[in-house]
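Undergrad: Just dropping this structure here.
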Amino acid sequence: MHLSGYWYSPKNSKRHTASIDKLQDALYLSVDGQEARAINIQNLSLTDRVGSANRRIIFSDGAFFETRDNDTVDALFNKKDHIHNLESRWQWVVSAVVLFFVIAFATVRVGLPWASKEVAYALPIYVNEKVSSGTLEFLDEYIFDESELSQAQQKQTHTQFNVLIEALGDNEFNYRLYIRKMEGQSNAFSLPFGEIILTDKLLQIAENTEQIDSILLHEIGHIKHRHSLQQVVYSSLISTAISVMTSDLTVLEDLLVVMPVFLVESSYSRAHEYEADVFLFDKMIKLNKDPIHFANILSKITQGDEINDDLEKTIGYFSSHPETSQRIENAARKSQEFLRGADY
């Protein structure tokens, strides 16, 4: 068996024409046509086969023999290169590509949201305050206008809010209510540290205080489960993870830039919306309030006369939220459970 190639000395980079022959289970090296000398196979190492790239047989003194004849190298050293076999079969290549995309999809849809949640809950509460800091000022300057509701209506809403917070008995966050005008929108927002913003139009279309309470509890659910912080962490996961691992939380101040944009341009995931709904259903029942009020306000926002019938042109509180009809059904089902419980 004959193998042609080039031999390189460990002392310089000059290339020498060389060959390796196998005779009676022994290997012989010939350099520049000189007399062949026996070489000990135990003192050789072999680089892996990668496509059609040159292969090297490395000697113990640092010299090496290089060749493009991969098949002869494999036969000479009785090598079965499984990696090369896989590369040579397009079915395996296609399978590897598909597997890559499956893993990538799973990472984005499952891995990153899971990591975002873990990081959001691991961060101390004061980080929520830092992320929220300045966001309302930004929104007031570029998005919101001063409320046009009467002072009496605003005062009544704030009083109602304070009564609700006191009834919840939750001191984890510093809950505060702000009322703003946002042209043409029945909307509500929550910031990570406990600030909740209701728009004039949302308050105008609400039929009773229970409907407003249901919206407030939904937003409190987002705060309790750190949904907005999870979304921001998700969009800045790498830098956030590094800051947590190094205990350098100053980098999290960069999230201040992301938060206002997220609030206005993005929406919560379906899982986050349902989780906030579960929170509000539980709290309404504990506060002896019928969850049907949440179904009613959802229906009014998405189907009421106050809202443009062409929902695709309407940017209302729940226009970007997932499966509103399903959420209305969930609220109605919880209402039935509430009423059955009240009968006993």
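Ligands are numbered from 1 in the order shown, residues from 1 within each chain, and chains are lettered A, B, ... in the order they appear in the structure tokens.
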Could you list, as number ranges by chain, every residue within 8 Å of range 15-23 of chain A, counting only C-alpha atoms and ignoring same-chain residues fewer than 4 positions away?
TA: A: 1-9, 27-33, 65, 76
Undergrad: Of the residues A:Glu275, A:Glu323, A:Glu148, A:Asp48, which is the one nearest to Gln204 in chain A, using only C-alpha atoms?
TA: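 Closest residue, counting only C-alpha atoms: A:Glu148.
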Undergrad: With distances taken over only C-alpha atoms, which residue among A:Leu164, A:Ile125, A:Ala115, A:Ala36 lies nearest Leu287 in chain A?
TA: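 Smallest distance to Leu287 in chain A is found for A:Leu164.
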Undergrad: CA of Ile197 in chain A to CA of Phe173 in chain A: how many Å, to one decimal?
TA: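 Computing the Euclidean distance for CA of Ile197 in chain A and CA of Phe173 in chain A yields 15.2 Å.
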Undergrad: Find the spatial neighbours of Gly194 in chain A, counting only C-alpha atoms, within a cut-off of 7 Å - ignore same-chain residues fewer than 4 positions away - and output them as a list of chain:residue names.
TA: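 Residues meeting the cut-off are A:Phe173, A:Asn174, A:Tyr175, A:Arg176, A:Ser190, A:Ile223.
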Undergrad: Could you pull the residues within 12 Å of Phe193 in chain A, counting only C-alpha atoms, minus those fewer than 4 positions along the same chain, as a PyMOL selection string?
TA: chain A and resi 124-136+171-177+219-220+222-229
Undergrad: Identify which of the residues A:Ala331, A:Ile179, A:Ile39, A:Val232 lies closest to Leu298 in chain A, counting only C-alpha atoms when measuring atom-to-atom distances.
TA: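 Comparing A:Ala331, A:Ile179, A:Ile39, A:Val232 against Leu298 in chain A, the winner is A:Ala331.
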Undergrad: What's the 7 Å shell around range 50-57 of chain A, counting only C-alpha atoms, without same-chain residues fewer than 6 positions away, as a list in words?
TA: Leu44, Phe64, Phe65, Glu66, Thr67, Arg68, Asn70 and His84 of chain A
Undergrad: Selected residues, N, CA and C atoms, written as a compact mmCIF listing (two decimals), in the first residue's frame, please.
TA:
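Final file, again.txt:
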# COMPACT_ATOMS: atom_id res chain seq x y z
N LEU A 44 3.14 7.47 16.27
CA LEU A 44 2.45 8.35 15.35
C LEU A 44 1.07 8.72 15.89
N PHE A 64 5.90 16.02 10.67
CA PHE A 64 4.62 15.45 10.23
C PHE A 64 4.61 15.21 8.73
N PHE A 65 3.80 14.26 8.35
CA PHE A 65 3.59 13.87 6.95
C PHE A 65 2.17 14.32 6.58
N GLU A 66 2.05 15.05 5.45
CA GLU A 66 0.75 15.60 5.05
C GLU A 66 0.35 15.05 3.69
N THR A 67 -0.94 14.71 3.57
CA THR A 67 -1.42 14.14 2.31
C THR A 67 -2.90 14.46 2.12
N ARG A 68 -3.34 14.41 0.86
CA ARG A 68 -4.76 14.60 0.55
C ARG A 68 -5.47 13.27 0.33
N ASN A 70 -7.05 10.79 1.71
CA ASN A 70 -7.68 10.37 2.96
C ASN A 70 -8.07 8.90 2.97
N HIS A 84 -16.83 11.42 8.84
CA HIS A 84 -16.81 11.58 7.40
C HIS A 84 -17.96 10.81 6.75
Undergrad: Residues of range 121-200 of chain A in strand (DSSP E or B) according to DSSP, as a list of chain:residue names?
TA: A:Asp145, A:Glu146, A:Arg176, A:Leu177, A:Tyr178, A:Ile179, A:Arg180, A:Lys181, A:Ala188, A:Phe189, A:Ser190, A:Glu195, A:Ile196, A:Ile197, A:Leu198, A:Thr199
Undergrad: Could those selected residues go to a file with C-alpha atoms, as a compact mmCIF listing (two decimals), in the first residue's frame?
TA:
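The file below, out-v2.txt, is the result:
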# COMPACT_ATOMS: atom_id res chain seq x y z
CA ASP A 145 -51.51 63.68 27.80
CA GLU A 146 -52.99 64.99 31.02
CA ARG A 176 -49.57 53.61 42.69
CA LEU A 177 -52.26 54.67 40.24
CA TYR A 178 -51.95 57.24 37.45
CA ILE A 179 -54.69 58.40 35.10
CA ARG A 180 -53.68 59.66 31.68
CA LYS A 181 -55.23 60.46 28.33
CA ALA A 188 -53.90 50.15 30.83
CA PHE A 189 -50.21 49.69 31.62
CA SER A 190 -48.20 48.47 34.59
CA GLU A 195 -47.15 51.79 38.96
CA ILE A 196 -50.43 51.29 37.08
CA ILE A 197 -51.69 53.67 34.38
CA LEU A 198 -55.33 53.78 33.30
CA THR A 199 -56.48 55.84 30.32
Undergrad: Just checking: using only C-alpha atoms, which residue out of A:Arg327, A:Arg37, A:Lys334, A:His272 ends up closest to Lys289 in chain A?
TA: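 Checking each candidate against Lys289 in chain A, we get A:Lys334 as the closest.
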Undergrad: Taking only C-alpha atoms into account, name the residue in A:Ala122, A:Ile297, A:Ala106, A:Leu112 that is nearest to Glu207 in chain A.
TA: A:Ile297
Undergrad: Within 12 Å of Ala206 in chain A, counting only C-alpha atoms, which residues qualify if same-chain residues fewer than 3 places away don't, as a PDB file with N, CA and C atoms, in the first residue's frame?
TA:
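Output saved as selection-v9.pdb:
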ATOM      1  N   THR A 157     -61.699  57.436  41.552  1.00  0.00           N
ATOM      2  CA  THR A 157     -60.943  56.274  41.060  1.00  0.00           C
ATOM      3  C   THR A 157     -59.747  55.985  41.956  1.00  0.00           C
ATOM      4  N   SER A 186     -58.471  52.703  24.777  1.00  0.00           N
ATOM      5  CA  SER A 186     -58.920  52.172  26.062  1.00  0.00           C
ATOM      6  C   SER A 186     -57.832  51.236  26.543  1.00  0.00           C
ATOM      7  N   ASN A 187     -56.960  51.726  27.368  1.00  0.00           N
ATOM      8  CA  ASN A 187     -55.743  50.976  27.639  1.00  0.00           C
ATOM      9  C   ASN A 187     -55.351  51.051  29.103  1.00  0.00           C
ATOM     10  N   LEU A 198     -54.060  53.977  33.964  1.00  0.00           N
ATOM     11  CA  LEU A 198     -55.335  53.778  33.296  1.00  0.00           C
ATOM     12  C   LEU A 198     -55.607  54.977  32.397  1.00  0.00           C
ATOM     13  N   THR A 199     -56.170  54.745  31.232  1.00  0.00           N
ATOM     14  CA  THR A 199     -56.479  55.842  30.324  1.00  0.00           C
ATOM     15  C   THR A 199     -57.902  56.344  30.553  1.00  0.00           C
ATOM     16  N   ASP A 200     -58.120  57.579  30.139  1.00  0.00           N
ATOM     17  CA  ASP A 200     -59.448  58.179  30.290  1.00  0.00           C
ATOM     18  C   ASP A 200     -60.529  57.317  29.658  1.00  0.00           C
ATOM     19  N   LYS A 201     -60.269  56.857  28.438  1.00  0.00           N
ATOM     20  CA  LYS A 201     -61.306  56.141  27.705  1.00  0.00           C
ATOM     21  C   LYS A 201     -61.686  54.829  28.374  1.00  0.00           C
ATOM     22  N   LEU A 202     -60.697  54.173  28.971  1.00  0.00           N
ATOM     23  CA  LEU A 202     -60.995  52.928  29.683  1.00  0.00           C
ATOM     24  C   LEU A 202     -61.930  53.199  30.856  1.00  0.00           C
ATOM     25  N   LEU A 203     -61.677  54.277  31.590  1.00  0.00           N
ATOM     26  CA  LEU A 203     -62.533  54.622  32.719  1.00  0.00           C
ATOM     27  C   LEU A 203     -63.913  55.069  32.249  1.00  0.00           C
ATOM     28  N   THR A 209     -67.629  50.038  39.298  1.00  0.00           N
ATOM     29  CA  THR A 209     -66.312  49.970  39.941  1.00  0.00           C
ATOM     30  C   THR A 209     -65.724  48.570  39.869  1.00  0.00           C
ATOM     31  N   GLU A 210     -66.587  47.543  39.840  1.00  0.00           N
ATOM     32  CA  GLU A 210     -66.079  46.169  39.772  1.00  0.00           C
ATOM     33  C   GLU A 210     -65.331  45.913  38.472  1.00  0.00           C
ATOM     34  N   GLN A 211     -65.795  46.503  37.378  1.00  0.00           N
ATOM     35  CA  GLN A 211     -65.090  46.332  36.112  1.00  0.00           C
ATOM     36  C   GLN A 211     -63.710  46.981  36.172  1.00  0.00           C
ATOM     37  N   ILE A 212     -63.633  48.146  36.777  1.00  0.00           N
ATOM     38  CA  ILE A 212     -62.330  48.807  36.936  1.00  0.00           C
ATOM     39  C   ILE A 212     -61.431  47.980  37.844  1.00  0.00           C
ATOM     40  N   ASP A 213     -62.012  47.443  38.927  1.00  0.00           N
ATOM     41  CA  ASP A 213     -61.234  46.600  39.842  1.00  0.00           C
ATOM     42  C   ASP A 213     -60.653  45.389  39.099  1.00  0.00           C
ATOM     43  N   SER A 214     -61.430  44.813  38.199  1.00  0.00           N
ATOM     44  CA  SER A 214     -60.935  43.631  37.472  1.00  0.00           C
ATOM     45  C   SER A 214     -59.729  43.990  36.603  1.00  0.00           C
ATOM     46  N   ILE A 215     -59.776  45.168  35.978  1.00  0.00           N
ATOM     47  CA  ILE A 215     -58.637  45.613  35.177  1.00  0.00           C
ATOM     48  C   ILE A 215     -57.432  45.874  36.073  1.00  0.00           C
ATOM     49  N   HIS A 293     -67.563  40.473  35.885  1.00  0.00           N
ATOM     50  CA  HIS A 293     -67.276  41.874  35.565  1.00  0.00           C
ATOM     51  C   HIS A 293     -66.075  41.999  34.632  1.00  0.00           C
ATOM     52  N   PHE A 294     -65.144  41.080  34.737  1.00  0.00           N
ATOM     53  CA  PHE A 294     -63.997  41.097  33.819  1.00  0.00           C
ATOM     54  C   PHE A 294     -64.456  40.706  32.423  1.00  0.00           C
ATOM     55  N   ALA A 295     -65.320  39.705  32.327  1.00  0.00           N
ATOM     56  CA  ALA A 295     -65.863  39.319  31.020  1.00  0.00           C
ATOM     57  C   ALA A 295     -66.625  40.480  30.400  1.00  0.00           C
ATOM     58  N   ASN A 296     -67.369  41.213  31.223  1.00  0.00           N
ATOM     59  CA  ASN A 296     -68.176  42.322  30.713  1.00  0.00           C
ATOM     60  C   ASN A 296     -67.307  43.457  30.179  1.00  0.00           C
ATOM     61  N   ILE A 297     -66.243  43.788  30.901  1.00  0.00           N
ATOM     62  CA  ILE A 297     -65.397  44.885  30.432  1.00  0.00           C
ATOM     63  C   ILE A 297     -64.631  44.473  29.184  1.00  0.00           C
ATOM     64  N   LEU A 298     -64.225  43.205  29.107  1.00  0.00           N
ATOM     65  CA  LEU A 298     -63.565  42.734  27.886  1.00  0.00           C
ATOM     66  C   LEU A 298     -64.511  42.832  26.693  1.00  0.00           C
ATOM     67  N   SER A 299     -65.756  42.393  26.890  1.00  0.00           N
ATOM     68  CA  SER A 299     -66.740  42.439  25.809  1.00  0.00           C
ATOM     69  C   SER A 299     -67.016  43.874  25.393  1.00  0.00           C
ATOM     70  N   LYS A 300     -67.086  44.760  26.360  1.00  0.00           N
ATOM     71  CA  LYS A 300     -67.391  46.160  26.073  1.00  0.00           C
ATOM     72  C   LYS A 300     -66.250  46.825  25.321  1.00  0.00           C
ATOM     73  N   ILE A 301     -65.030  46.500  25.695  1.00  0.00           N
ATOM     74  CA  ILE A 301     -63.876  47.090  25.019  1.00  0.00           C
ATOM     75  C   ILE A 301     -63.785  46.619  23.577  1.00  0.00           C
ATOM     76  N   GLY A 304     -68.102  46.952  22.178  1.00  0.00           N
ATOM     77  CA  GLY A 304     -69.015  48.022  22.567  1.00  0.00           C
ATOM     78  C   GLY A 304     -69.147  49.098  21.509  1.00  0.00           C
ATOM     79  N   GLU A 306     -68.657  52.164  21.910  1.00  0.00           N
ATOM     80  CA  GLU A 306     -67.622  53.188  22.035  1.00  0.00           C
ATOM     81  C   GLU A 306     -66.396  52.860  21.195  1.00  0.00           C
TER      82      GLU A 306
END
Undergrad: Residues of range 32-242 of chain A in alpha helix (DSSP H) according to DSSP, as a PyMOL selection string?
TA: chain A and resi 70-76+82-87+90-106+112-122+125-132+135-142+151-168+200-205+209-224+227-235+237-242
